[in-house]
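Asker: Here it is: the structure, laid out below.
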Amino acid sequence: MPDTLLREQLLDVLDRGAQGPLTLLLAPAGWGKSALLTSWIRERRGADPPPYLVLGPHDDAGRLWSLLRAALDLPVEPGAVPADGADGGAAEIAAALAARSRPVTLVLDDLHQLADPHAAAGLDHLLRHGGGGLRLIVATRAEPPLGLARLRVAGALTELGSAHLAFTEQETATLFADHGVTLTDRQLHRLRDRAEGWPAPLRLAALTLAGHPDPDGFVAGFGGEQPEIAAYLREEILAGLAGPVREALPLLTLTAPITAELLDELTGGDGETLLAEVSRHTGLVRPHPAPSPHWRCHRLLADLLRGELRRTGTTRLRELHGRTAGWHLRHGRYADALRHALAAGQWSRAGSLLTGHWAHLLPYQPAPGAVVPVAPGAPADAAVTLALAAERLAAGDLAAGTAYLAQVARGPAAAALRGPLAALDLAAAQLAGDLQRTDRAAARLLAQPPAATPSATNAANAATATATAPDVVAVAVAAAARGLVRLAHGDLPAAGVELDAGLVAAEAAELPRLRLVCAARGAVLHAAAGELAAAERAAAVALALLHEQVGDPADAAHAYLARALTAWHRDRPAEAEANLDRAGELPPATAVLAAEVRARLAFAAGDPDGAVRTLRRAREAAGRLPALRERLCVAEADLRRRRSDLAGVRALLRPSAATEPTGMAAVVLARAEAGHGDLDTARRLLPAWDGPGAGPLNLAARLEAGLVQALIAHRGADARGAARALERVLALAAPQQHRQIFGADEPQLRELLTAHLDSGTAYWSFLDELPARRGGAPAQAEPSGVRPAEPLTERELMILRYLQSILSNVEIANEVSLSVNTVKTHVRNIYRKLQVTRRREAVRRARELRLI
């Protein structure tokens, strides 16, 4: 059983970092910093190990200077280093470093233990004035005062934090296998997810599970209150915290998310300072900018603190929940206010929240992490019972929520509460994923008389209400529920239509929470369909609402997924990957889209086998979503097409002679057949993509189909047909900034784009910067000549772009929906302003001036 995992990727990072002045490993205890350093020295620097010093609380600058003197072969004379480690030692060593022909590497572990201020100042002096002769590799639990901002700006800092040191799924599996523990993929995922990849608790779990009599029970209950994990947290993380700070820690789990302002109210102190102190000391409480400015505990620490909070006296705990409810209510966070009012036993407040703000309380996805225990002894009041129904549905307890709804429906108050009752019944149907029941419940809600729906409220002031057309509230709620249930079933087009309608109605009804739900998920659906501009706008709306403290992490996840999809389509892989990482865990339907992007990123990075594995795992997970399974099959077929695997493409898209693919599947198969020379089959398979017949195809599929048609014409020596098809594809792609589909993976595509660029196009600048053109197009000259005295109008610039193409004035007029005479007038004005007399001269002059 090896002591440590060999983490090649991290060793590579250290190799690269050792070429620069500073490499920083910054993470709390137990994240494997020391193990990684010793592994790097053993595996990569075994022949020439650098000095490695583990610092302690009693170390000072003098010991550092002695170590460096030994590494530099400088004499150590008695009294040469002042006892206080004053700057003289650092200055002399800096001069020696600057004089070296080869830099020296120094590894310092546990730098946070070094309390001597002269030591930190001296190390910073060496980095600044050592002439590049020092390569410092530091492991620490707290950020050291080493001029990190300056080094970041200069690109001279290599950083490894908790996110980098966290165990991956594969490393977690290897860890448990090395300990002789056999677990299912689901169990491994749960352990890693609960630990958030933190190596120390995972190692404790592996040691405990070796020979454990009930491994299933251990995995199911794995958390921060397990004795082994709790002891580690108390001894390694929480030990040493000052009394008042330690006493306030459990309050961090009272509500999610926790903000400094709320902590001010709960403690009567400086919440920001308290949170900063906890963050600095533990490294497991960190600020997060979204879904709103808040602080978040690591899951295992939150488990431990939540247990301590439960052991607080009942009276004190209810008082804290009551104050929390009031704070949330004042900030327009009605769902949070309801949860804490119920936990505090504030039944009157809970009933008033339900009757006055029910449209803001409807749950659109379960949020079990936000659950707080309801106080016992709820009265037999219909409004309070509906409030309990809303809380249970939000917690994902459909059985209890539905039972509460039925209790109210049978009672005498059902007529008075018909609006919230119908809306919560709709929410229950949507959360259950029942499509028919959701549609029926939506119809019932819309059939309610206007008086049954509440007026919208100003989220900034719960006491102020503004009149809103009641039917708009019902329309917004109904459309959102129908859209969400269709999304859960994998019907992306229908879901997109409903969520767009819900977004418009939610804005009119002043329902910010519902706006966020519709905007975040609608952004994903627009991006998946290739409608990148709409996706970008909707994601921006969602993120703006998140920063206004509306919503939860599920909304943020969808907004970042939309950005990842958009970045991929625009050929920005690094941006796509970063946004995928921020998205995190997603529900099954949208997780399929995330898997598709990850697979394409892996393929582009040179890992085709890993890409296919990713798609197949996602296809297994989407077993009950046939539309999404088909999408993943098409994605895998497209990757196989790129590897010239025609048989694999056919097997996926046309498993039998009787199977006739449609939609995007037909497009991919047509492109594969054309690539192998069967142009007749490709033409027959290719669906209509432009004009009225393109209805079923979304924009992404239309672009791909149009490109295939252009390639078929190009391969068939139909230059005019290829140009017309490609020009139309560019007309659709350029406004959305689609670039990825023009990737340079086929020589004939490169030839087609180059030929089109040379023959003339209305999209010259866009085409010239496409992936297939990179490295092959000559550099553009700087603008030359004097610009026209009279600038061209927007309409003239549009016509000018079309003058690059082979289209006649009549055809240009048809394209831009103008009369031929109007086009001719614009052309004459263009010639006059550019001082030319012919079309070719106008295009050449415009390119010189960078007008096109």
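As shown in the structure tokens, the chain order sets the letters A, B, ...; within each chain, residues go from 1, and ligands are also counted from 1 in the order they appear.
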Determine, counting only C-alpha atoms, which protein, DNA and RNA residues have an atom within 12 Å of an atom of A:Ala731; residues of the same chain fewer than 3 positions away are not included. Present the result as a VMD selection string.
Answerer: chain A and resid 690 699 702 to 703 706 to 707 724 to 728 734 to 738 761 to 764 766 to 767 798 801 to 802 805 815 to 816
Asker: As an exercise, work out the distance from atom CA of A:Leu209 to atom CA of A:Leu36 in Å and give it to one decimal place.
Answerer: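 Straight-line distance from atom CA of A:Leu209 to atom CA of A:Leu36 works out to 24.1 Å.
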Asker: If you count only C-alpha atoms, which residues fall within 7 Å of stretch 311-327 of chain A, apart from same-chain ones fewer than 2 positions away, as an MDAnalysis selection string?
Answerer: chainID A and resid 262 266 307:309 329:331 336:338 340:341 343:344
Asker: Which one is closest to A:Asp116: A:Ala61, A:Ala231, A:Leu492, A:Ala432? Count only C-alpha atoms.
Answerer: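 Distance minimum relative to A:Asp116 lands on A:Ala61.
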Asker: So that I can see what lies close to A:Ala562, please list as a PyMOL selection string the residues with an atom at most 7 Å from it, counting only C-alpha atoms and leaving out residues fewer than 2 positions away in the same chain.
Answerer: chain A and resi 523-524+527+535+539+558-560+564-566
